>>> print(open('input-v6.cif').read())   # mmCIF, C-alpha atoms and all ligand atoms
data_structure
loop_
_atom_site.label_atom_id
_atom_site.label_comp_id
_atom_site.auth_asym_id
_atom_site.auth_seq_id
_atom_site.Cartn_x
_atom_site.Cartn_y
_atom_site.Cartn_z
CA MET X 586 21.46 -4.98 -1.02
CA SER X 587 17.78 -4.69 -0.13
CA ILE X 588 16.26 -2.66 -2.95
CA ALA X 589 17.48 -0.50 -5.80
CA PHE X 590 15.56 2.37 -7.36
CA ARG X 591 16.20 4.12 -10.62
CA VAL X 592 14.23 7.03 -12.11
CA GLU X 593 14.00 6.32 -15.86
CA ALA X 594 11.85 9.18 -17.14
CA ALA X 595 10.32 12.31 -15.74
CA PHE X 596 7.81 14.88 -16.87
CA GLY X 597 7.12 17.85 -14.64
CA ALA X 598 7.12 16.51 -11.09
CA GLY X 599 5.96 13.03 -12.15
CA ARG X 600 8.46 10.29 -12.80
CA CYS X 601 8.68 6.69 -14.02
CA GLY X 602 11.06 4.42 -12.21
CA ARG X 603 12.14 0.85 -11.66
CA LEU X 604 12.22 -0.56 -8.15
CA THR X 605 14.25 -3.76 -7.87
CA THR X 606 13.33 -5.96 -4.89
CA PRO X 607 14.54 -9.42 -3.83
CA HIS X 608 11.32 -10.78 -5.40
CA GLY X 609 11.34 -8.96 -8.72
CA GLU X 610 11.10 -5.62 -10.38
CA VAL X 611 8.32 -3.08 -9.90
CA GLU X 612 7.61 -0.36 -12.44
CA THR X 613 6.64 2.90 -10.76
CA PRO X 614 4.42 4.79 -10.16
CA VAL X 615 2.68 1.67 -8.90
CA PHE X 616 -0.62 0.87 -7.25
CA MET X 617 -0.36 -1.90 -4.65
CA PRO X 618 -3.52 -4.00 -4.14
CA VAL X 619 -4.22 -4.66 -0.46
CA GLY X 620 -4.06 -8.30 0.63
CA THR X 621 -4.87 -7.80 4.30
CA LEU X 622 -4.83 -11.42 5.45
CA ALA X 623 -2.41 -12.79 2.82
CA SER X 624 -5.30 -12.62 0.35
CA VAL X 625 -6.68 -9.93 -1.94
CA LYS X 626 -10.28 -10.73 -1.06
CA GLY X 627 -11.91 -12.78 -3.80
CA VAL X 628 -9.01 -12.86 -6.27
CA PRO X 629 -6.65 -15.84 -6.67
CA GLN X 630 -2.94 -15.14 -7.04
CA ASP X 631 -2.75 -16.35 -10.67
CA VAL X 632 -5.42 -13.81 -11.63
CA LEU X 633 -3.52 -11.05 -9.81
CA GLU X 634 -0.46 -12.00 -11.86
CA ASP X 635 -2.49 -11.86 -15.08
CA LEU X 636 -3.84 -8.42 -14.12
CA GLY X 637 -0.26 -7.20 -13.82
CA ALA X 638 -0.09 -6.69 -10.04
CA GLN X 639 3.63 -6.24 -9.35
CA ILE X 640 3.56 -5.81 -5.59
CA LEU X 641 0.95 -6.56 -2.90
CA LEU X 642 0.47 -5.06 0.54
CA GLY X 643 -0.06 -7.22 3.63
CA ASN X 644 -1.24 -6.00 7.04
CA THR X 645 1.05 -7.00 9.91
CA TYR X 646 -1.60 -6.46 12.60
CA HIS X 647 -4.11 -8.80 10.93
CA LEU X 648 -1.49 -11.45 10.14
CA TYR X 649 -0.16 -11.18 13.69
CA LEU X 650 -3.61 -12.20 14.96
CA ARG X 651 -4.32 -14.78 12.22
CA PRO X 652 -2.49 -17.07 11.49
CA GLY X 653 0.30 -15.56 13.65
CA VAL X 654 3.64 -14.30 12.40
CA GLU X 655 5.63 -17.26 13.79
CA GLN X 656 3.31 -19.62 11.94
CA VAL X 657 4.00 -17.72 8.71
CA ARG X 658 7.75 -17.81 9.41
CA ALA X 659 7.60 -21.57 10.03
CA LEU X 660 5.86 -21.95 6.67
CA GLY X 661 8.68 -20.15 4.89
CA GLY X 662 7.44 -16.55 5.01
CA LEU X 663 4.59 -14.71 3.33
CA HIS X 664 5.74 -15.26 -0.28
CA ARG X 665 5.80 -19.02 0.10
CA PHE X 666 2.78 -19.22 2.41
CA MET X 667 0.48 -17.39 -0.02
CA SER X 668 2.32 -18.56 -3.15
CA TRP X 669 3.10 -15.06 -4.38
CA PRO X 670 6.51 -14.92 -6.07
CA ARG X 671 6.47 -11.17 -6.72
CA ALA X 672 7.19 -8.30 -4.33
CA ILE X 673 5.31 -7.73 -1.05
CA LEU X 674 5.20 -4.73 1.31
CA THR X 675 3.92 -4.99 4.88
CA ASP X 676 2.78 -2.10 7.04
CA SER X 677 3.97 -1.93 10.66
CA GLY X 678 0.58 -2.51 12.27
CA GLY X 679 0.59 1.02 13.66
CA PHE X 680 -2.29 2.28 11.53
CA GLN X 681 -4.57 -0.66 12.40
CA VAL X 682 -3.80 -0.26 16.10
CA PHE X 683 -4.94 3.35 15.84
CA SER X 684 -7.93 2.78 13.58
CA LEU X 685 -9.35 -0.49 14.97
CA SER X 686 -8.65 -0.30 18.67
CA GLU X 687 -10.46 2.25 20.80
CA LEU X 688 -8.94 1.03 24.07
CA ARG X 689 -5.30 1.82 23.39
CA LYS X 690 -2.64 3.30 25.63
CA VAL X 691 0.41 4.91 24.05
CA THR X 692 3.62 5.15 26.08
CA GLU X 693 7.23 5.83 25.12
CA GLU X 694 7.75 2.07 25.00
CA GLY X 695 4.89 1.27 22.61
CA VAL X 696 1.13 0.76 22.39
CA THR X 697 -1.01 -1.44 24.61
CA PHE X 698 -4.35 -2.26 23.01
CA ARG X 699 -6.99 -4.93 22.65
CA SER X 700 -7.51 -7.35 19.79
CA HIS X 701 -10.51 -6.38 17.65
CA LEU X 702 -11.30 -10.11 17.39
CA ASP X 703 -11.54 -11.27 21.01
CA GLY X 704 -10.52 -8.31 23.17
CA SER X 705 -7.31 -9.98 24.37
CA PRO X 706 -4.55 -7.57 25.47
CA LEU X 707 -1.72 -6.92 23.00
CA PHE X 708 1.44 -4.81 22.95
CA PHE X 709 3.22 -3.40 19.88
CA SER X 710 6.53 -1.56 20.00
CA PRO X 711 9.02 -0.54 17.31
CA GLU X 712 11.01 -3.67 18.18
CA SER X 713 8.07 -6.10 18.14
CA ALA X 714 6.75 -4.55 14.89
CA MET X 715 10.18 -5.17 13.30
CA ASP X 716 10.30 -8.76 14.62
CA ALA X 717 6.79 -9.40 13.25
CA GLN X 718 7.66 -7.98 9.83
CA ILE X 719 10.96 -9.88 9.66
CA ALA X 720 9.02 -13.07 10.45
CA LEU X 721 6.51 -12.31 7.68
CA GLY X 722 9.38 -11.63 5.28
CA ALA X 723 8.00 -8.96 2.92
CA ASP X 724 10.49 -7.24 0.60
CA ILE X 725 9.67 -3.80 1.98
CA ILE X 726 8.67 -3.23 5.60
CA MET X 727 7.62 -0.08 7.44
CA ALA X 728 8.86 1.69 10.57
CA PHE X 729 6.48 1.68 13.54
CA ASP X 730 4.83 5.09 13.73
CA GLU X 731 1.99 6.90 15.43
CA CYS X 732 -0.71 7.99 13.01
CA THR X 733 -1.71 11.38 14.42
CA GLU X 734 -5.49 11.82 14.67
CA HIS X 735 -7.25 14.65 12.85
CA PRO X 736 -8.08 17.24 13.99
CA ALA X 737 -5.40 17.66 16.68
CA GLN X 738 -3.97 20.59 18.63
CA PRO X 739 -0.55 21.89 17.43
CA ALA X 740 1.21 20.75 20.64
CA ARG X 741 -0.28 17.29 20.26
CA VAL X 742 0.83 17.05 16.58
CA ARG X 743 4.42 17.95 17.52
CA GLU X 744 4.48 15.52 20.44
CA SER X 745 3.19 12.74 18.17
CA MET X 746 5.72 13.61 15.44
CA GLU X 747 8.58 13.51 17.96
CA LEU X 748 7.43 10.09 19.21
CA THR X 749 7.32 8.79 15.61
CA LEU X 750 10.90 10.05 15.11
CA ARG X 751 12.15 8.27 18.24
CA TRP X 752 10.28 5.13 17.16
CA ALA X 753 11.81 5.42 13.66
CA ALA X 754 15.32 5.39 15.14
CA ARG X 755 14.41 2.38 17.34
CA SER X 756 12.83 0.60 14.36
CA LYS X 757 15.99 1.05 12.30
CA LYS X 758 18.32 -0.02 15.11
CA HIS X 759 16.36 -3.21 15.79
CA PHE X 760 15.93 -3.97 12.09
CA GLU X 761 19.65 -3.59 11.38
CA ALA X 762 20.45 -6.03 14.18
CA ARG X 763 17.88 -8.64 13.08
CA LYS X 764 17.39 -8.27 9.32
CA HIS X 765 19.35 -11.39 8.44
CA GLU X 766 16.76 -13.48 10.29
CA VAL X 767 14.25 -13.13 7.44
CA SER X 768 12.89 -16.55 6.52
CA TRP X 769 13.91 -16.49 2.84
CA GLN X 770 17.42 -15.84 4.07
CA ASP X 771 17.53 -18.87 6.33
CA PRO X 772 19.38 -21.73 4.58
CA ARG X 773 17.63 -24.19 6.91
CA GLY X 774 14.20 -22.85 5.96
CA PRO X 775 11.73 -24.76 3.79
CA ASP X 776 12.35 -22.42 0.87
CA ALA X 777 15.91 -21.24 1.10
CA LEU X 778 15.73 -18.33 -1.28
CA VAL X 779 19.23 -17.16 -0.57
CA ARG X 780 20.26 -14.96 -3.43
CA ALA X 781 23.40 -12.96 -3.91
CA ASN X 782 23.87 -9.60 -5.52
CA GLY X 783 26.90 -8.55 -7.54
CA ARG X 784 28.98 -8.05 -4.40
CA GLY X 785 28.26 -11.54 -3.17
CA LEU X 786 26.22 -10.26 -0.26
CA PRO X 787 22.89 -11.84 0.61
CA GLU X 788 19.77 -9.78 -0.02
CA THR X 789 17.68 -8.51 2.87
CA GLN X 790 14.42 -6.67 3.41
CA ALA X 791 14.25 -2.88 3.05
CA LEU X 792 12.89 -0.72 5.88
CA PHE X 793 11.12 2.51 4.90
CA GLY X 794 10.72 5.53 7.19
CA ILE X 795 7.39 7.37 7.58
CA VAL X 796 6.90 11.13 7.57
CA GLN X 797 4.21 12.40 9.97
CA GLY X 798 3.47 15.94 11.19
CA GLY X 799 -0.31 16.18 10.84
CA MET X 800 -1.66 18.97 8.64
CA ASP X 801 1.17 21.38 9.53
CA LEU X 802 3.48 22.10 6.58
CA ALA X 803 6.40 23.17 8.80
CA LEU X 804 6.14 20.02 10.94
CA ARG X 805 5.92 17.89 7.78
CA LYS X 806 9.16 19.48 6.58
CA GLU X 807 10.82 18.91 9.94
CA SER X 808 9.58 15.32 10.08
CA ALA X 809 10.92 14.65 6.56
CA THR X 810 14.31 16.23 7.30
CA ARG X 811 14.82 14.39 10.58
CA THR X 812 13.57 11.05 9.20
CA ILE X 813 16.07 11.39 6.34
CA GLU X 814 18.81 12.06 8.92
CA ILE X 815 18.03 8.66 10.48
CA GLY X 816 18.40 7.26 6.95
CA PHE X 817 16.15 4.84 5.06
CA PRO X 818 16.15 3.45 1.48
CA GLY X 819 12.64 4.87 0.92
CA TYR X 820 10.16 7.22 2.56
CA ALA X 821 6.42 7.11 3.10
CA ILE X 822 4.02 9.95 3.74
CA GLY X 823 1.68 8.76 6.49
CA GLY X 824 -1.13 10.25 8.52
CA LEU X 825 -3.19 11.43 5.53
CA SER X 826 -6.70 10.42 4.38
CA VAL X 827 -7.75 10.58 8.04
CA GLY X 828 -10.78 12.80 7.45
CA GLU X 829 -9.14 16.00 6.22
CA PRO X 830 -10.45 17.77 3.08
CA ARG X 831 -8.92 16.50 -0.15
CA ALA X 832 -7.42 19.86 -1.11
CA LEU X 833 -5.47 19.79 2.16
CA THR X 834 -4.22 16.23 1.49
CA ARG X 835 -2.92 17.39 -1.87
CA GLU X 836 -1.25 20.46 -0.37
CA ILE X 837 0.53 18.36 2.29
CA VAL X 838 1.65 15.77 -0.29
CA GLU X 839 2.93 18.37 -2.73
CA SER X 840 4.91 20.26 -0.09
CA THR X 841 6.26 17.12 1.65
CA ILE X 842 7.59 15.67 -1.63
CA GLU X 843 9.87 18.70 -2.00
CA HIS X 844 11.73 17.62 1.14
CA LEU X 845 12.18 13.95 0.13
CA PRO X 846 15.25 12.65 -1.77
CA ALA X 847 14.68 12.63 -5.54
CA ASP X 848 16.60 9.38 -6.03
CA GLN X 849 14.61 7.28 -3.53
CA PRO X 850 11.08 5.85 -3.70
CA ARG X 851 8.21 7.88 -2.23
CA TYR X 852 5.20 6.01 -0.92
CA LEU X 853 1.89 7.72 -0.17
CA MET X 854 0.00 5.49 2.27
CA GLY X 855 -3.71 4.74 2.01
CA VAL X 856 -4.85 6.67 -1.08
CA GLY X 857 -7.05 6.98 -3.04
CA THR X 858 -9.72 7.24 -5.75
CA PRO X 859 -8.73 6.66 -9.41
CA GLU X 860 -8.66 10.44 -9.91
CA GLU X 861 -6.40 10.85 -6.89
CA ILE X 862 -3.85 8.19 -7.82
CA VAL X 863 -3.39 9.92 -11.21
CA GLU X 864 -2.99 13.26 -9.48
CA TYR X 865 -0.48 12.01 -6.89
CA ALA X 866 1.57 10.17 -9.53
CA ALA X 867 1.81 13.46 -11.46
CA LEU X 868 3.09 15.10 -8.27
CA GLY X 869 5.96 12.59 -8.04
CA ILE X 870 4.58 9.83 -5.79
CA ASP X 871 6.00 6.40 -6.75
CA MET X 872 3.92 3.97 -4.67
CA MET X 873 0.32 3.96 -3.42
CA ASP X 874 -2.05 1.51 -1.78
CA CYS X 875 -5.73 1.65 -0.91
CA VAL X 876 -8.53 -0.71 0.07
CA LEU X 877 -10.96 1.38 -2.01
CA PRO X 878 -11.03 -0.66 -5.28
CA THR X 879 -11.43 -3.98 -3.47
CA ARG X 880 -13.79 -2.81 -0.70
CA ALA X 881 -15.98 -0.78 -3.07
CA ALA X 882 -16.20 -3.79 -5.42
CA ARG X 883 -17.63 -5.94 -2.65
CA HIS X 884 -20.34 -3.29 -2.20
CA GLY X 885 -21.15 -3.21 -5.91
CA LEU X 886 -19.42 0.11 -6.56
CA LEU X 887 -17.42 -0.03 -9.77
CA PHE X 888 -14.96 2.47 -11.21
CA THR X 889 -15.11 3.01 -14.96
CA SER X 890 -13.65 5.38 -17.53
CA GLN X 891 -17.07 7.06 -17.58
CA GLY X 892 -17.40 7.44 -13.83
CA LYS X 893 -18.66 5.34 -10.92
CA ILE X 894 -21.37 2.73 -11.42
CA SER X 895 -23.49 1.25 -8.64
CA ILE X 896 -24.23 -2.11 -10.23
CA LYS X 897 -27.06 -2.88 -7.79
CA GLN X 898 -29.33 -0.31 -9.48
CA ALA X 899 -32.40 -1.61 -11.29
CA GLN X 900 -31.49 0.39 -14.43
CA TYR X 901 -28.83 -2.23 -15.23
CA ALA X 902 -31.20 -5.23 -15.05
CA GLY X 903 -31.67 -5.32 -18.82
CA ASP X 904 -28.41 -3.65 -19.86
CA GLN X 905 -26.47 -5.88 -22.22
CA ALA X 906 -23.49 -3.52 -22.55
CA PRO X 907 -20.16 -4.35 -20.93
CA LEU X 908 -19.48 -2.65 -17.61
CA ASP X 909 -16.94 -0.31 -19.23
CA PRO X 910 -16.63 -0.38 -23.04
CA ASN X 911 -13.13 1.14 -22.75
CA CYS X 912 -11.86 -1.50 -20.30
CA SER X 913 -10.15 -4.56 -21.72
CA CYS X 914 -10.28 -6.62 -18.52
CA ARG X 915 -11.55 -10.18 -18.55
CA VAL X 916 -14.82 -9.14 -16.87
CA CYS X 917 -15.66 -6.37 -19.32
CA ALA X 918 -14.64 -8.60 -22.24
CA ARG X 919 -17.02 -11.38 -21.24
CA TYR X 920 -19.97 -10.28 -19.09
CA SER X 921 -22.82 -7.77 -19.35
CA ARG X 922 -23.94 -5.18 -16.81
CA ALA X 923 -27.22 -7.13 -16.59
CA TYR X 924 -25.39 -10.29 -15.54
CA LEU X 925 -23.20 -8.45 -12.98
CA ARG X 926 -26.31 -6.77 -11.59
CA HIS X 927 -28.07 -10.14 -11.31
CA LEU X 928 -25.08 -11.72 -9.49
CA TYR X 929 -24.95 -8.84 -7.03
CA ALA X 930 -28.70 -8.77 -6.42
CA SER X 931 -28.68 -12.54 -5.83
CA GLY X 932 -25.80 -12.41 -3.38
CA GLU X 933 -23.66 -14.69 -5.53
CA VAL X 934 -20.02 -15.04 -4.44
CA LEU X 935 -19.06 -14.57 -8.10
CA ALA X 936 -20.32 -10.96 -7.91
CA GLN X 937 -17.56 -10.07 -5.43
CA VAL X 938 -14.94 -11.88 -7.49
CA LEU X 939 -15.84 -10.27 -10.84
CA ASN X 940 -16.38 -6.81 -9.36
CA THR X 941 -13.01 -6.93 -7.62
CA VAL X 942 -11.22 -8.16 -10.73
CA HIS X 943 -12.62 -5.26 -12.75
CA ASN X 944 -11.87 -2.58 -10.15
CA LEU X 945 -8.31 -3.78 -9.61
CA SER X 946 -7.78 -4.05 -13.35
CA PHE X 947 -9.07 -0.48 -13.71
CA TYR X 948 -6.60 0.80 -11.10
CA LEU X 949 -3.66 -1.17 -12.51
CA ASP X 950 -4.44 -0.12 -16.11
CA THR X 951 -4.76 3.49 -14.97
CA MET X 952 -1.27 3.37 -13.45
CA ARG X 953 0.09 1.62 -16.55
CA ALA X 954 -1.30 4.44 -18.69
CA VAL X 955 0.16 7.05 -16.35
CA ARG X 956 3.61 5.42 -16.65
CA HIS X 957 3.21 5.36 -20.43
CA SER X 958 2.28 9.05 -20.51
CA ILE X 959 5.23 10.12 -18.39
CA ALA X 960 7.62 7.97 -20.47
CA LEU X 961 6.31 9.70 -23.63
CA GLY X 962 6.92 13.10 -22.07
CA GLU X 963 3.27 13.89 -21.55
CA SER X 964 1.63 15.09 -18.40
CA PRO X 965 -1.19 12.84 -17.13
CA ARG X 966 -3.35 15.55 -15.60
CA SER X 967 -6.61 13.73 -15.02
CA LEU X 968 -8.23 10.32 -15.07
CA SER X 969 -10.36 11.15 -18.11
CA GLU X 970 -7.27 12.31 -20.01
CA VAL X 971 -5.47 9.07 -19.13
CA TRP X 972 -8.40 6.92 -20.25
CA SER X 973 -9.04 8.90 -23.42
CA ARG X 974 -5.65 7.57 -24.56
CA LEU X 975 -6.55 4.00 -23.61
CA LYS X 976 -9.75 3.91 -25.68
CA PRO X 977 -9.68 1.14 -28.29
ZN ZN X 1001 -13.17 -4.12 -16.76
#
>>> encode(input="input-v6.cif", output="structure tokens")
Amino acid sequence: MSIAFRVEAAFGAGRCGRLTTPHGEVETPVFMPVGTLASVKGVPQDVLEDLGAQILLGNTYHLYLRPGVEQVRALGGLHRFMSWPRAILTDSGGFQVFSLSELRKVTEEGVTFRSHLDGSPLFFSPESAMDAQIALGADIIMAFDECTEHPAQPARVRESMELTLRWAARSKKHFEARKHEVSWQDPRGPDALVRANGRGLPETQALFGIVQGGMDLALRKESATRTIEIGFPGYAIGGLSVGEPRALTREIVESTIEHLPADQPRYLMGVGTPEEIVEYAALGIDMMDCVLPTRAARHGLLFTSQGKISIKQAQYAGDQAPLDPNCSCRVCARYSRAYLRHLYASGEVLAQVLNTVHNLSFYLDTMRAVRHSIALGESPRSLSEVWSRLKP
């Protein structure tokens, strides 16, 4: 067994589920904070646990460069290395290769590109992306795909989708042959986390497939159908939030979901704003990740139940109110807007820490409220509706 998924309640297209991983259970729909370099910038792991983070996302490309995937394997895998006992998902590195590296060359075999750190030449293939993710040892890992650029000509979108399908089959083949090499499976490893399920079989990682197909509904359907034929325990929708209008993103998500299995987890990669994660959960998405809450926090942009606040503004210099009176996070319970504004204006490290804690708490509480709504048989239509129920 790698993962198990059970839908426990549904309302309209939205559903609440329970995803069981080798490192614990995840209630869905779930927002996954991004811990690029085995760290959610500015937030210690014990605080993430207190905030209710159930699963973190790590970036294979960044960890491949620093500290190196073999180093992480030698240290017992990502869970032990970063002291995070709960679930982890890693991406395949494909998206970073496409977004960070301008000098890349894509062939049937894989992608040749240059490190964004020192320009050294690198090569990623479906096989090497699987090896890297097995070495890191996340609970859920992703097939190596090509994120199609936007806009792109129809012929180019099809060609890219076909390549992603061939790479998905290669990813699965290589993963199936090597999956028992994961570090928490190795009895000689420093942290032999060998567990057994009811059938006495050891647990392994789970590999998810990724649906591509650009902004073409027919190609999205074909990509979904053919990825399902290859067969994965979960499916992601990739290649969105790449500059297309939001209404189009929603249209693609809504139509792609129809072609995905109802009894398996659906992961929408790289979205979104608080409004969007509510919307996508209501459409039937189970998992989401985004750098927005953490990155915006470091720039002083805070999400609240009353809208966005730019804490750097002078109007908050004498404001003794909490950041968000409806938020029960440790930051809103203790500090004033005036103090947060002062920390930010002074360049204090604590500003980044407190801002990130609030934004993540806001996202995680939003998803908790969405799950609650669906379980009660209500439809969480908008962020304001969700937060109107959370008000003390
Ligand atoms: Zn707060």
>>> residues_near_ligand(input="input-v6.cif", ligand="ligand ZN 1001 (chain X)", cutoff="9 Å", atoms="only C-alpha atoms and all ligand atoms", output="list in words")
Phe888, Thr889, Pro907, Leu908, Asp909, Pro910, Asn911, Cys912, Ser913, Cys914, Arg915, Val916, Cys917, Ala918, Leu939, Asn940, Val942, His943, Asn944, Leu945, Ser946 and Phe947 of chain X
>>> write_last_selection(input="input-v6.cif", atoms="C-alpha atoms", output="PDB file, in the frame of the given file")
ATOM      1  CA  PHE X 888     -14.960   2.470 -11.210  1.00  0.00           C
ATOM      2  CA  THR X 889     -15.110   3.010 -14.960  1.00  0.00           C
ATOM      3  CA  PRO X 907     -20.160  -4.350 -20.930  1.00  0.00           C
ATOM      4  CA  LEU X 908     -19.480  -2.650 -17.610  1.00  0.00           C
ATOM      5  CA  ASP X 909     -16.940  -0.310 -19.230  1.00  0.00           C
ATOM      6  CA  PRO X 910     -16.630  -0.380 -23.040  1.00  0.00           C
ATOM      7  CA  ASN X 911     -13.130   1.140 -22.750  1.00  0.00           C
ATOM      8  CA  CYS X 912     -11.860  -1.500 -20.300  1.00  0.00           C
ATOM      9  CA  SER X 913     -10.150  -4.560 -21.720  1.00  0.00           C
ATOM     10  CA  CYS X 914     -10.280  -6.620 -18.520  1.00  0.00           C
ATOM     11  CA  ARG X 915     -11.550 -10.180 -18.550  1.00  0.00           C
ATOM     12  CA  VAL X 916     -14.820  -9.140 -16.870  1.00  0.00           C
ATOM     13  CA  CYS X 917     -15.660  -6.370 -19.320  1.00  0.00           C
ATOM     14  CA  ALA X 918     -14.640  -8.600 -22.240  1.00  0.00           C
ATOM     15  CA  LEU X 939     -15.840 -10.270 -10.840  1.00  0.00           C
ATOM     16  CA  ASN X 940     -16.380  -6.810  -9.360  1.00  0.00           C
ATOM     17  CA  VAL X 942     -11.220  -8.160 -10.730  1.00  0.00           C
ATOM     18  CA  HIS X 943     -12.620  -5.260 -12.750  1.00  0.00           C
ATOM     19  CA  ASN X 944     -11.870  -2.580 -10.150  1.00  0.00           C
ATOM     20  CA  LEU X 945      -8.310  -3.780  -9.610  1.00  0.00           C
ATOM     21  CA  SER X 946      -7.780  -4.050 -13.350  1.00  0.00           C
ATOM     22  CA  PHE X 947      -9.070  -0.480 -13.710  1.00  0.00           C
TER      23      PHE X 947
END
>>> residues_around(input="input-v6.cif", residues="X:Asp801", least_positions_apart="2", cutoff="12 Å", atoms="only C-alpha atoms", output="ChimeraX atom specification")
/X:733,735-743,746,796-799,803-808,824-825,833-834,836-838,840-841
>>> atom_distance(input="input-v6.cif", atom1="atom CA of X:Asp874", atom2="atom CA of X:Met800")
20.3 Å
>>> atom_distance(input="input-v6.cif", atom1="atom CA of X:Met715", atom2="atom CA of X:Glu761")
9.8 Å
>>> atom_distance(input="input-v6.cif", atom1="atom CA of X:Glu861", atom2="atom CA of X:Ile726")
24.1 Å
>>> closest_residue(input="input-v6.cif", among="X:Pro607, X:Pro965, X:Pro670, X:Gly828", to="X:Leu868", atoms="only C-alpha atoms")
X:Pro965
>>> residues_around(input="input-v6.cif", residues="X:Leu845", least_positions_apart="5", cutoff="10 Å", atoms="all atoms listed in the file", output="number ranges by chain")
X: 796, 806, 809-810, 812-813, 819-822, 840, 850-851
>>> closest_atom_pairs(input="input-v6.cif", of="stretch 639-669 of chain X", to="stretch 613-625 of chain X", cutoff="9 Å", atoms="only C-alpha atoms", output="Markdown table")
| residue | atom | partner | partner_atom | distance |
| --- | --- | --- | --- | --- |
| X:Gln639 | CA | X:Met617 | CA | 7.5 |
| X:Ile640 | CA | X:Met617 | CA | 5.6 |
| X:Leu641 | CA | X:Met617 | CA | 5.1 |
| X:Leu642 | CA | X:Val619 | CA | 4.8 |
| X:Gly643 | CA | X:Thr621 | CA | 4.9 |
| X:Asn644 | CA | X:Thr621 | CA | 4.9 |
| X:Thr645 | CA | X:Thr621 | CA | 8.2 |
| X:His647 | CA | X:Leu622 | CA | 6.1 |
| X:Leu648 | CA | X:Leu622 | CA | 5.8 |
| X:Arg651 | CA | X:Leu622 | CA | 7.6 |
| X:Pro652 | CA | X:Leu622 | CA | 8.6 |
| X:Leu663 | CA | X:Ala623 | CA | 7.3 |
| X:Phe666 | CA | X:Ala623 | CA | 8.3 |
| X:Met667 | CA | X:Ala623 | CA | 6.1 |
>>> closest_residue(input="input-v6.cif", among="X:Leu674, X:Ile959, X:Ala659, X:Ala866", to="X:Phe793", atoms="only C-alpha atoms")
X:Leu674
>>> residues_near_point(input="input-v6.cif", point="(6.5, -14.5, -1.7)", cutoff="9 Å", atoms="only C-alpha atoms", output="VMD selection string")
chain X and resid 608 661 to 673 722 to 724 769
>>> residues_near_point(input="input-v6.cif", point="(-0.6, 14.2, -12.7)", cutoff="7 Å", atoms="all atoms listed in the file", output="ChimeraX atom specification")
/X:599,863-868,964-967
>>> write_last_selection(input="input-v6.cif", atoms="C-alpha atoms", output="compact mmCIF listing (two decimals), in the frame of the given file")
# COMPACT_ATOMS: atom_id res chain seq x y z
CA GLY X 599 5.96 13.03 -12.15
CA VAL X 863 -3.39 9.92 -11.21
CA GLU X 864 -2.99 13.26 -9.48
CA TYR X 865 -0.48 12.01 -6.89
CA ALA X 866 1.57 10.17 -9.53
CA ALA X 867 1.81 13.46 -11.46
CA LEU X 868 3.09 15.10 -8.27
CA SER X 964 1.63 15.09 -18.40
CA PRO X 965 -1.19 12.84 -17.13
CA ARG X 966 -3.35 15.55 -15.60
CA SER X 967 -6.61 13.73 -15.02
>>> closest_residue(input="input-v6.cif", among="X:Glu839, X:Asp848, X:Glu860, X:Asp904", to="X:Arg603", atoms="only C-alpha atoms")
X:Asp848
